[in-house]
Amino acid sequence: MSNLTITPDYERRSLPAVIARSAQRNGVDFKYLMAQAQLESGMRPDAKADTSSATGLYQFVEQTWLGLVKQKGDAYGLGWAQDAISQNRNGKFIIADKSQKSSILALRNDPTLSANLAGEFARDNSNYLESRIGREPESVDLYLAHFLGPAGAGKFLRAHDANPHASAAVSFGDAARSNRSIFYDRAGGARSFQEIRNLFVRKLEAASITASGGNNFPT
C-alpha cells in the first residue's frame, strides 16, 4: 500500500491505549485488534489504499463504514451522521449532501472512532459466526469475517469444518480471482480451507509480534 503519510510518534505510541479501550468496551481480544490494525494499515490512522476506498487504521471501505456509523453512531455522539445516512432500495448506504458525506467518511482517520467501530464490528461478527458455526469464533475466524464479510466467513468456516482439505477456490471463485496470493500458492496450486485458515493464523501472529515490538500482548 502506498500514499501513506507518517503518523507522528506521539500518536503511534498512544494507539495501544486507544485500541485497549475499544477491546475492553466491546469484549474483544486486544491482541486481535492490535494485530488487525498492524495488518490493515501498519498502525497508521491516515493510511489510504490505492486500489479501493479503504481508509484509516482499520481500512474500512465506504459502505462498511457508513453502515457502522448508521447502526452504532449514536453511542459515539454521531447522531447527526446517522440522520444523514439512508439506504436505497438495493440496500446501499447513501448520503445526499456531498459535504456531509466527505465529513463522515473523513472520520475514518480518527483512530479512536475507527478502533471503537472496529471493536463493534468484531463483536457483531463474532456473534454472527457463533450462530452459524455453533462454537465461539477464534481470532482467525474474525479476521476471515473482515476479509470475506461475515456471511462469506460463515460459508468458509462451515465448508472448512465439513472438509478442511478441499480446495477453497472452487467455492469462492470471485474472492479467489481477486486474491490469488491467498487462494493459490506460489506454484499456482489451489490452497485448501485449512491451508488458508493457517495462513491467516500466521499472518495474525506475525502482525501481533510487529505491533508489540516483540513483546507478548495480554488477552
# chains A, B, ... in the order shown; residues from 1 in each chain; ligands from 1
call {"tool": "select_by_dssp", "arguments": {"residues": "segment 44-136 of chain A", "states": "alpha helix (DSSP H)", "output": "PyMOL selection string"}}
result
chain A and resi 62-72+79-84+98-106+111-133
call {"tool": "residues_around", "arguments": {"residues": "Lys92 of chain A", "least_positions_apart": "3", "cutoff": "12 Å", "atoms": "only C-alpha atoms", "output": "list of chain:residue names"}}
result
A:Glu62, A:Gln63, A:Thr64, A:Trp65, A:Leu66, A:Gly67, A:Lys70, A:Ile85, A:Ser86, A:Gln87, A:Asn88, A:Arg89, A:Ile95
call {"tool": "write_last_selection", "arguments": {"atoms": "C-alpha atoms", "output": "mmCIF file, in the first residue's frame"}}
result
data_model
loop_
_atom_site.group_PDB
_atom_site.id
_atom_site.type_symbol
_atom_site.label_atom_id
_atom_site.label_comp_id
_atom_site.auth_asym_id
_atom_site.auth_seq_id
_atom_site.Cartn_x
_atom_site.Cartn_y
_atom_site.Cartn_z
ATOM 1 C CA GLU A 62 -17.026 3.313 2.340
ATOM 2 C CA GLN A 63 -20.055 1.030 2.593
ATOM 3 C CA THR A 64 -18.854 -0.817 5.688
ATOM 4 C CA TRP A 65 -18.047 2.462 7.413
ATOM 5 C CA LEU A 66 -21.361 4.100 6.541
ATOM 6 C CA GLY A 67 -23.229 1.021 7.749
ATOM 7 C CA LYS A 70 -25.622 4.321 10.778
ATOM 8 C CA ILE A 85 -27.227 8.274 6.108
ATOM 9 C CA SER A 86 -30.031 6.349 4.414
ATOM 10 C CA GLN A 87 -30.342 3.185 2.339
ATOM 11 C CA ASN A 88 -31.659 2.922 -1.186
ATOM 12 C CA ARG A 89 -33.859 0.120 -2.461
ATOM 13 C CA ILE A 95 -25.751 10.447 1.776
#
call {"tool": "closest_residue", "arguments": {"among": "A:Ser102, A:Asn198, A:Asn125, A:Ser171", "to": "Lys155 of chain A", "atoms": "only C-alpha atoms"}}
result
A:Ser171
call {"tool": "select_by_dssp", "arguments": {"residues": "segment 2-147 of chain A", "states": "strand (DSSP E)", "output": "PyMOL selection string"}}
result
chain A and resi 85-87+93-95
call {"tool": "write_last_selection", "arguments": {"atoms": "N, CA and C atoms", "output": "CSV table (one decimal), in the first residue's frame"}}
result
chain,number,residue,atom,x,y,z
A,85,ILE,N,-27.4,9.5,6.9
A,85,ILE,CA,-27.2,8.3,6.1
A,85,ILE,C,-28.6,7.6,5.9
A,86,SER,N,-28.8,7.2,4.7
A,86,SER,CA,-30.0,6.3,4.4
A,86,SER,C,-29.6,5.2,3.5
A,87,GLN,N,-30.6,4.3,3.2
A,87,GLN,CA,-30.3,3.2,2.3
A,87,GLN,C,-31.3,3.3,1.2
A,93,PHE,N,-25.9,2.2,1.3
A,93,PHE,CA,-25.9,3.3,2.2
A,93,PHE,C,-25.5,4.6,1.3
A,94,ILE,N,-26.3,5.6,1.4
A,94,ILE,CA,-26.1,6.8,0.7
A,94,ILE,C,-26.3,8.1,1.5
A,95,ILE,N,-25.6,9.1,1.1
A,95,ILE,CA,-25.8,10.4,1.8
A,95,ILE,C,-26.0,11.5,0.7
call {"tool": "residues_around", "arguments": {"residues": "segment 143-148 of chain A", "least_positions_apart": "6", "cutoff": "10 Å", "atoms": "only C-alpha atoms", "output": "list in words"}}
result
Tyr32, Leu33, Ala35, Gln36, Tyr58, Phe60, Ala118, Phe121, Ala122, Asn125, Ser126, Tyr128, Leu129, Gly154, Lys155, Phe156, Leu157, Phe172, Ala175, Ile196, Arg197, Phe200, Val201 and Leu204 of chain A
call {"tool": "write_last_selection", "arguments": {"atoms": "N, CA, C and O atoms", "output": "JSON list (two decimals), in the first residue's frame"}}
result
[["chain", "number", "residue", "atom", "x", "y", "z"],
["A", 32, "TYR", "N", -6.00, -9.34, 19.16],
["A", 32, "TYR", "CA", -6.55, -9.42, 17.81],
["A", 32, "TYR", "C", -6.70, -8.04, 17.20],
["A", 32, "TYR", "O", -6.31, -7.82, 16.04],
["A", 33, "LEU", "N", -7.25, -7.08, 17.94],
["A", 33, "LEU", "CA", -7.45, -5.74, 17.40],
["A", 33, "LEU", "C", -6.12, -5.07, 17.06],
["A", 33, "LEU", "O", -6.02, -4.32, 16.08],
["A", 35, "ALA", "N", -3.29, -6.72, 16.20],
["A", 35, "ALA", "CA", -2.77, -7.41, 15.01],
["A", 35, "ALA", "C", -3.52, -6.98, 13.76],
["A", 35, "ALA", "O", -2.92, -6.79, 12.70],
["A", 36, "GLN", "N", -4.83, -6.80, 13.88],
["A", 36, "GLN", "CA", -5.62, -6.37, 12.72],
["A", 36, "GLN", "C", -5.20, -4.99, 12.25],
["A", 36, "GLN", "O", -5.05, -4.75, 11.04],
["A", 58, "TYR", "N", -8.13, 0.85, 10.38],
["A", 58, "TYR", "CA", -8.66, -0.48, 10.10],
["A", 58, "TYR", "C", -9.12, -0.64, 8.65],
["A", 58, "TYR", "O", -9.80, -1.61, 8.32],
["A", 60, "PHE", "N", -11.38, 0.66, 6.64],
["A", 60, "PHE", "CA", -12.79, 0.48, 6.33],
["A", 60, "PHE", "C", -13.08, 1.03, 4.93],
["A", 60, "PHE", "O", -12.71, 2.17, 4.62],
["A", 118, "ALA", "N", -14.20, -0.70, 14.92],
["A", 118, "ALA", "CA", -13.58, -1.99, 14.62],
["A", 118, "ALA", "C", -13.93, -3.00, 15.69],
["A", 118, "ALA", "O", -14.20, -4.18, 15.41],
["A", 121, "PHE", "N", -17.56, -3.95, 15.22],
["A", 121, "PHE", "CA", -17.66, -4.83, 14.04],
["A", 121, "PHE", "C", -17.22, -6.25, 14.39],
["A", 121, "PHE", "O", -17.88, -7.23, 14.02],
["A", 122, "ALA", "N", -16.10, -6.36, 15.12],
["A", 122, "ALA", "CA", -15.59, -7.67, 15.51],
["A", 122, "ALA", "C", -16.57, -8.38, 16.45],
["A", 122, "ALA", "O", -16.80, -9.59, 16.32],
["A", 125, "ASN", "N", -19.54, -9.55, 14.38],
["A", 125, "ASN", "CA", -19.13, -10.69, 13.56],
["A", 125, "ASN", "C", -18.98, -11.95, 14.39],
["A", 125, "ASN", "O", -19.31, -13.06, 13.93],
["A", 126, "SER", "N", -18.46, -11.80, 15.60],
["A", 126, "SER", "CA", -18.31, -12.95, 16.49],
["A", 126, "SER", "C", -19.66, -13.57, 16.81],
["A", 126, "SER", "O", -19.83, -14.80, 16.76],
["A", 128, "TYR", "N", -22.42, -13.31, 15.08],
["A", 128, "TYR", "CA", -22.98, -13.90, 13.87],
["A", 128, "TYR", "C", -22.34, -15.25, 13.57],
["A", 128, "TYR", "O", -23.05, -16.23, 13.30],
["A", 129, "LEU", "N", -21.01, -15.29, 13.62],
["A", 129, "LEU", "CA", -20.33, -16.54, 13.30],
["A", 129, "LEU", "C", -20.67, -17.65, 14.29],
["A", 129, "LEU", "O", -20.83, -18.81, 13.90],
["A", 154, "GLY", "N", -18.81, -17.20, 7.35],
["A", 154, "GLY", "CA", -19.65, -18.30, 7.82],
["A", 154, "GLY", "C", -19.66, -19.45, 6.83],
["A", 154, "GLY", "O", -19.54, -20.63, 7.20],
["A", 155, "LYS", "N", -19.79, -19.12, 5.55],
["A", 155, "LYS", "CA", -19.77, -20.14, 4.50],
["A", 155, "LYS", "C", -18.41, -20.85, 4.47],
["A", 155, "LYS", "O", -18.33, -22.09, 4.37],
["A", 156, "PHE", "N", -17.32, -20.07, 4.57],
["A", 156, "PHE", "CA", -15.97, -20.62, 4.55],
["A", 156, "PHE", "C", -15.77, -21.59, 5.71],
["A", 156, "PHE", "O", -15.26, -22.70, 5.53],
["A", 157, "LEU", "N", -16.16, -21.18, 6.91],
["A", 157, "LEU", "CA", -15.90, -22.00, 8.09],
["A", 157, "LEU", "C", -16.77, -23.25, 8.13],
["A", 157, "LEU", "O", -16.32, -24.31, 8.59],
["A", 172, "PHE", "N", -15.21, -20.22, -3.75],
["A", 172, "PHE", "CA", -15.05, -18.77, -3.62],
["A", 172, "PHE", "C", -14.35, -18.22, -4.87],
["A", 172, "PHE", "O", -13.27, -17.63, -4.79],
["A", 175, "ALA", "N", -13.69, -14.27, -4.93],
["A", 175, "ALA", "CA", -12.65, -13.91, -3.96],
["A", 175, "ALA", "C", -11.30, -14.45, -4.39],
["A", 175, "ALA", "O", -10.27, -13.79, -4.23],
["A", 196, "ILE", "N", -5.59, -22.06, 4.02],
["A", 196, "ILE", "CA", -5.88, -20.62, 4.06],
["A", 196, "ILE", "C", -6.09, -20.15, 5.49],
["A", 196, "ILE", "O", -5.58, -19.10, 5.90],
["A", 197, "ARG", "N", -6.81, -20.93, 6.28],
["A", 197, "ARG", "CA", -7.02, -20.56, 7.68],
["A", 197, "ARG", "C", -5.68, -20.51, 8.41],
["A", 197, "ARG", "O", -5.41, -19.58, 9.19],
["A", 200, "PHE", "N", -3.76, -17.34, 7.59],
["A", 200, "PHE", "CA", -4.20, -16.18, 8.34],
["A", 200, "PHE", "C", -3.76, -16.25, 9.80],
["A", 200, "PHE", "O", -3.48, -15.21, 10.41],
["A", 201, "VAL", "N", -3.69, -17.44, 10.37],
["A", 201, "VAL", "CA", -3.16, -17.58, 11.73],
["A", 201, "VAL", "C", -1.73, -17.03, 11.78],
["A", 201, "VAL", "O", -1.36, -16.27, 12.68],
["A", 204, "LEU", "N", -1.63, -13.18, 11.44],
["A", 204, "LEU", "CA", -2.03, -12.51, 12.68],
["A", 204, "LEU", "C", -0.93, -12.58, 13.72],
["A", 204, "LEU", "O", -0.66, -11.60, 14.42]]
call {"tool": "closest_residue", "arguments": {"among": "A:Arg158, A:Asn90, A:Leu142, A:Ala47", "to": "Gly119 of chain A", "atoms": "only C-alpha atoms"}}
result
A:Leu142
call {"tool": "atom_distance", "arguments": {"atom1": "atom CA of Gly189 of chain A", "atom2": "atom CA of Asp141 of chain A"}}
result
23.1 Å
call {"tool": "closest_residue", "arguments": {"among": "A:Asp50, A:Asp161, A:Glu120, A:Glu195", "to": "Val69 of chain A", "atoms": "only C-alpha atoms"}}
result
A:Glu120
call {"tool": "atom_distance", "arguments": {"atom1": "atom CA of Pro16 of chain A", "atom2": "atom CA of Met34 of chain A"}}
result
7.2 Å
call {"tool": "residues_around", "arguments": {"residues": "Met43 of chain A", "least_positions_apart": "3", "cutoff": "7 Å", "atoms": "only C-alpha atoms", "output": "list in words"}}
result
Ala37, Gln38 and Leu57 of chain A
call {"tool": "write_last_selection", "arguments": {"atoms": "N, CA and C atoms", "output": "CSV table (one decimal), in the first residue's frame"}}
result
chain,number,residue,atom,x,y,z
A,37,ALA,N,-5.0,-4.1,13.2
A,37,ALA,CA,-4.5,-2.7,12.8
A,37,ALA,C,-3.2,-2.8,12.1
A,38,GLN,N,-2.3,-3.6,12.6
A,38,GLN,CA,-1.0,-3.8,12.0
A,38,GLN,C,-1.1,-4.3,10.6
A,57,LEU,N,-7.1,3.5,10.1
A,57,LEU,CA,-6.4,2.5,10.9
A,57,LEU,C,-6.8,1.0,10.6
call {"tool": "residues_around", "arguments": {"residues": "Arg108 of chain A", "least_positions_apart": "6", "cutoff": "7 Å", "atoms": "only C-alpha atoms", "output": "JSON, numbers by chain"}}
result
{"A": [55, 56, 114]}
call {"tool": "write_last_selection", "arguments": {"atoms": "all heavy atoms", "output": "PDB file, in the first residue's frame"}}
result
ATOM      1  N   THR A  55      -9.710   3.119   4.005  1.00  0.00           N
ATOM      2  CA  THR A  55      -9.039   4.255   4.628  1.00  0.00           C
ATOM      3  C   THR A  55      -8.965   4.050   6.136  1.00  0.00           C
ATOM      4  O   THR A  55      -9.855   3.448   6.727  1.00  0.00           O
ATOM      5  CB  THR A  55      -9.807   5.561   4.327  1.00  0.00           C
ATOM      6  OG1 THR A  55      -9.862   5.770   2.920  1.00  0.00           O
ATOM      7  CG2 THR A  55      -9.162   6.771   4.983  1.00  0.00           C
ATOM      8  N   GLY A  56      -7.915   4.565   6.738  1.00  0.00           N
ATOM      9  CA  GLY A  56      -7.827   4.617   8.185  1.00  0.00           C
ATOM     10  C   GLY A  56      -7.122   3.441   8.829  1.00  0.00           C
ATOM     11  O   GLY A  56      -6.607   2.543   8.158  1.00  0.00           O
ATOM     12  N   SER A 114     -12.278   4.935  14.830  1.00  0.00           N
ATOM     13  CA  SER A 114     -12.015   3.777  13.985  1.00  0.00           C
ATOM     14  C   SER A 114     -11.807   2.524  14.832  1.00  0.00           C
ATOM     15  O   SER A 114     -12.344   1.451  14.527  1.00  0.00           O
ATOM     16  CB  SER A 114     -10.775   4.039  13.126  1.00  0.00           C
ATOM     17  OG  SER A 114     -10.569   2.997  12.207  1.00  0.00           O
TER      18      SER A 114
END
call {"tool": "decode", "arguments": {"residues": "segment 153-166 of chain A", "atoms": "all heavy atoms", "output": "PDB file, in the first residue's frame"}}
result
ATOM      1  N   ALA A 153     -17.478 -15.510   5.578  1.00  0.00           N
ATOM      2  CA  ALA A 153     -16.707 -16.251   6.579  1.00  0.00           C
ATOM      3  C   ALA A 153     -17.512 -17.420   7.136  1.00  0.00           C
ATOM      4  O   ALA A 153     -16.964 -18.498   7.377  1.00  0.00           O
ATOM      5  CB  ALA A 153     -16.284 -15.318   7.710  1.00  0.00           C
ATOM      6  N   GLY A 154     -18.814 -17.202   7.352  1.00  0.00           N
ATOM      7  CA  GLY A 154     -19.649 -18.304   7.817  1.00  0.00           C
ATOM      8  C   GLY A 154     -19.661 -19.454   6.826  1.00  0.00           C
ATOM      9  O   GLY A 154     -19.537 -20.630   7.203  1.00  0.00           O
ATOM     10  N   LYS A 155     -19.791 -19.123   5.548  1.00  0.00           N
ATOM     11  CA  LYS A 155     -19.766 -20.141   4.497  1.00  0.00           C
ATOM     12  C   LYS A 155     -18.409 -20.848   4.469  1.00  0.00           C
ATOM     13  O   LYS A 155     -18.331 -22.086   4.368  1.00  0.00           O
ATOM     14  CB  LYS A 155     -20.047 -19.484   3.149  1.00  0.00           C
ATOM     15  CG  LYS A 155     -19.954 -20.426   1.950  1.00  0.00           C
ATOM     16  CD  LYS A 155     -20.167 -19.662   0.638  1.00  0.00           C
ATOM     17  CE  LYS A 155     -19.950 -20.574  -0.570  1.00  0.00           C
ATOM     18  NZ  LYS A 155     -20.098 -19.829  -1.849  1.00  0.00           N
ATOM     19  N   PHE A 156     -17.323 -20.066   4.572  1.00  0.00           N
ATOM     20  CA  PHE A 156     -15.974 -20.622   4.547  1.00  0.00           C
ATOM     21  C   PHE A 156     -15.770 -21.586   5.712  1.00  0.00           C
ATOM     22  O   PHE A 156     -15.256 -22.702   5.527  1.00  0.00           O
ATOM     23  CB  PHE A 156     -14.954 -19.484   4.625  1.00  0.00           C
ATOM     24  CG  PHE A 156     -13.518 -19.912   4.551  1.00  0.00           C
ATOM     25  CD1 PHE A 156     -12.806 -19.806   3.370  1.00  0.00           C
ATOM     26  CD2 PHE A 156     -12.858 -20.408   5.686  1.00  0.00           C
ATOM     27  CE1 PHE A 156     -11.469 -20.199   3.299  1.00  0.00           C
ATOM     28  CE2 PHE A 156     -11.532 -20.805   5.620  1.00  0.00           C
ATOM     29  CZ  PHE A 156     -10.833 -20.699   4.432  1.00  0.00           C
ATOM     30  N   LEU A 157     -16.157 -21.183   6.906  1.00  0.00           N
ATOM     31  CA  LEU A 157     -15.904 -21.997   8.089  1.00  0.00           C
ATOM     32  C   LEU A 157     -16.766 -23.254   8.127  1.00  0.00           C
ATOM     33  O   LEU A 157     -16.317 -24.309   8.589  1.00  0.00           O
ATOM     34  CB  LEU A 157     -16.105 -21.153   9.348  1.00  0.00           C
ATOM     35  CG  LEU A 157     -15.055 -20.055   9.549  1.00  0.00           C
ATOM     36  CD1 LEU A 157     -15.458 -19.107  10.661  1.00  0.00           C
ATOM     37  CD2 LEU A 157     -13.686 -20.670   9.842  1.00  0.00           C
ATOM     38  N   ARG A 158     -17.981 -23.173   7.620  1.00  0.00           N
ATOM     39  CA  ARG A 158     -18.808 -24.385   7.547  1.00  0.00           C
ATOM     40  C   ARG A 158     -18.190 -25.380   6.557  1.00  0.00           C
ATOM     41  O   ARG A 158     -18.156 -26.590   6.818  1.00  0.00           O
ATOM     42  CB  ARG A 158     -20.240 -24.042   7.133  1.00  0.00           C
ATOM     43  CG  ARG A 158     -21.025 -23.292   8.209  1.00  0.00           C
ATOM     44  CD  ARG A 158     -22.533 -23.302   7.938  1.00  0.00           C
ATOM     45  NE  ARG A 158     -22.864 -22.811   6.612  1.00  0.00           N
ATOM     46  CZ  ARG A 158     -23.038 -21.541   6.310  1.00  0.00           C
ATOM     47  NH1 ARG A 158     -22.886 -20.605   7.250  1.00  0.00           N
ATOM     48  NH2 ARG A 158     -23.354 -21.167   5.085  1.00  0.00           N
ATOM     49  N   ALA A 159     -17.690 -24.852   5.432  1.00  0.00           N
ATOM     50  CA  ALA A 159     -17.035 -25.726   4.452  1.00  0.00           C
ATOM     51  C   ALA A 159     -15.743 -26.292   5.027  1.00  0.00           C
ATOM     52  O   ALA A 159     -15.413 -27.466   4.813  1.00  0.00           O
ATOM     53  CB  ALA A 159     -16.751 -24.948   3.166  1.00  0.00           C
ATOM     54  N   HIS A 160     -15.009 -25.474   5.758  1.00  0.00           N
ATOM     55  CA  HIS A 160     -13.780 -25.922   6.408  1.00  0.00           C
ATOM     56  C   HIS A 160     -14.065 -27.059   7.380  1.00  0.00           C
ATOM     57  O   HIS A 160     -13.348 -28.071   7.404  1.00  0.00           O
ATOM     58  CB  HIS A 160     -13.130 -24.746   7.143  1.00  0.00           C
ATOM     59  CG  HIS A 160     -12.027 -25.127   8.069  1.00  0.00           C
ATOM     60  ND1 HIS A 160     -12.252 -25.545   9.366  1.00  0.00           N
ATOM     61  CD2 HIS A 160     -10.674 -25.151   7.899  1.00  0.00           C
ATOM     62  CE1 HIS A 160     -11.099 -25.819   9.950  1.00  0.00           C
ATOM     63  NE2 HIS A 160     -10.131 -25.575   9.082  1.00  0.00           N
ATOM     64  N   ASP A 161     -15.095 -26.897   8.195  1.00  0.00           N
ATOM     65  CA  ASP A 161     -15.409 -27.923   9.190  1.00  0.00           C
ATOM     66  C   ASP A 161     -15.886 -29.218   8.529  1.00  0.00           C
ATOM     67  O   ASP A 161     -15.648 -30.307   9.051  1.00  0.00           O
ATOM     68  CB  ASP A 161     -16.468 -27.404  10.161  1.00  0.00           C
ATOM     69  CG  ASP A 161     -15.949 -26.269  11.044  1.00  0.00           C
ATOM     70  OD1 ASP A 161     -14.713 -26.070  11.080  1.00  0.00           O
ATOM     71  OD2 ASP A 161     -16.763 -25.582  11.674  1.00  0.00           O
ATOM     72  N   ALA A 162     -16.541 -29.077   7.367  1.00  0.00           N
ATOM     73  CA  ALA A 162     -17.040 -30.267   6.674  1.00  0.00           C
ATOM     74  C   ALA A 162     -15.926 -31.014   5.961  1.00  0.00           C
ATOM     75  O   ALA A 162     -15.896 -32.252   5.956  1.00  0.00           O
ATOM     76  CB  ALA A 162     -18.129 -29.875   5.683  1.00  0.00           C
ATOM     77  N   ASN A 163     -14.991 -30.271   5.349  1.00  0.00           N
ATOM     78  CA  ASN A 163     -13.897 -30.904   4.612  1.00  0.00           C
ATOM     79  C   ASN A 163     -12.727 -29.921   4.536  1.00  0.00           C
ATOM     80  O   ASN A 163     -12.582 -29.190   3.550  1.00  0.00           O
ATOM     81  CB  ASN A 163     -14.345 -31.302   3.210  1.00  0.00           C
ATOM     82  CG  ASN A 163     -13.275 -32.079   2.456  1.00  0.00           C
ATOM     83  OD1 ASN A 163     -12.196 -32.343   2.982  1.00  0.00           O
ATOM     84  ND2 ASN A 163     -13.565 -32.439   1.209  1.00  0.00           N
ATOM     85  N   PRO A 164     -11.881 -29.877   5.558  1.00  0.00           N
ATOM     86  CA  PRO A 164     -10.816 -28.870   5.616  1.00  0.00           C
ATOM     87  C   PRO A 164      -9.799 -28.976   4.498  1.00  0.00           C
ATOM     88  O   PRO A 164      -9.111 -27.990   4.190  1.00  0.00           O
ATOM     89  CB  PRO A 164     -10.158 -29.129   6.976  1.00  0.00           C
ATOM     90  CG  PRO A 164     -10.531 -30.534   7.333  1.00  0.00           C
ATOM     91  CD  PRO A 164     -11.891 -30.750   6.743  1.00  0.00           C
ATOM     92  N   HIS A 165      -9.695 -30.114   3.837  1.00  0.00           N
ATOM     93  CA  HIS A 165      -8.675 -30.308   2.808  1.00  0.00           C
ATOM     94  C   HIS A 165      -9.181 -30.041   1.390  1.00  0.00           C
ATOM     95  O   HIS A 165      -8.425 -30.175   0.424  1.00  0.00           O
ATOM     96  CB  HIS A 165      -8.116 -31.728   2.898  1.00  0.00           C
ATOM     97  CG  HIS A 165      -7.543 -32.053   4.252  1.00  0.00           C
ATOM     98  ND1 HIS A 165      -6.459 -31.396   4.772  1.00  0.00           N
ATOM     99  CD2 HIS A 165      -7.948 -32.940   5.209  1.00  0.00           C
ATOM    100  CE1 HIS A 165      -6.185 -31.875   5.972  1.00  0.00           C
ATOM    101  NE2 HIS A 165      -7.072 -32.796   6.267  1.00  0.00           N
ATOM    102  N   ALA A 166     -10.432 -29.633   1.260  1.00  0.00           N
ATOM    103  CA  ALA A 166     -10.975 -29.300  -0.056  1.00  0.00           C
ATOM    104  C   ALA A 166     -10.436 -27.955  -0.533  1.00  0.00           C
ATOM    105  O   ALA A 166     -10.082 -27.081   0.265  1.00  0.00           O
ATOM    106  CB  ALA A 166     -12.505 -29.257   0.005  1.00  0.00           C
TER     107      ALA A 166
END
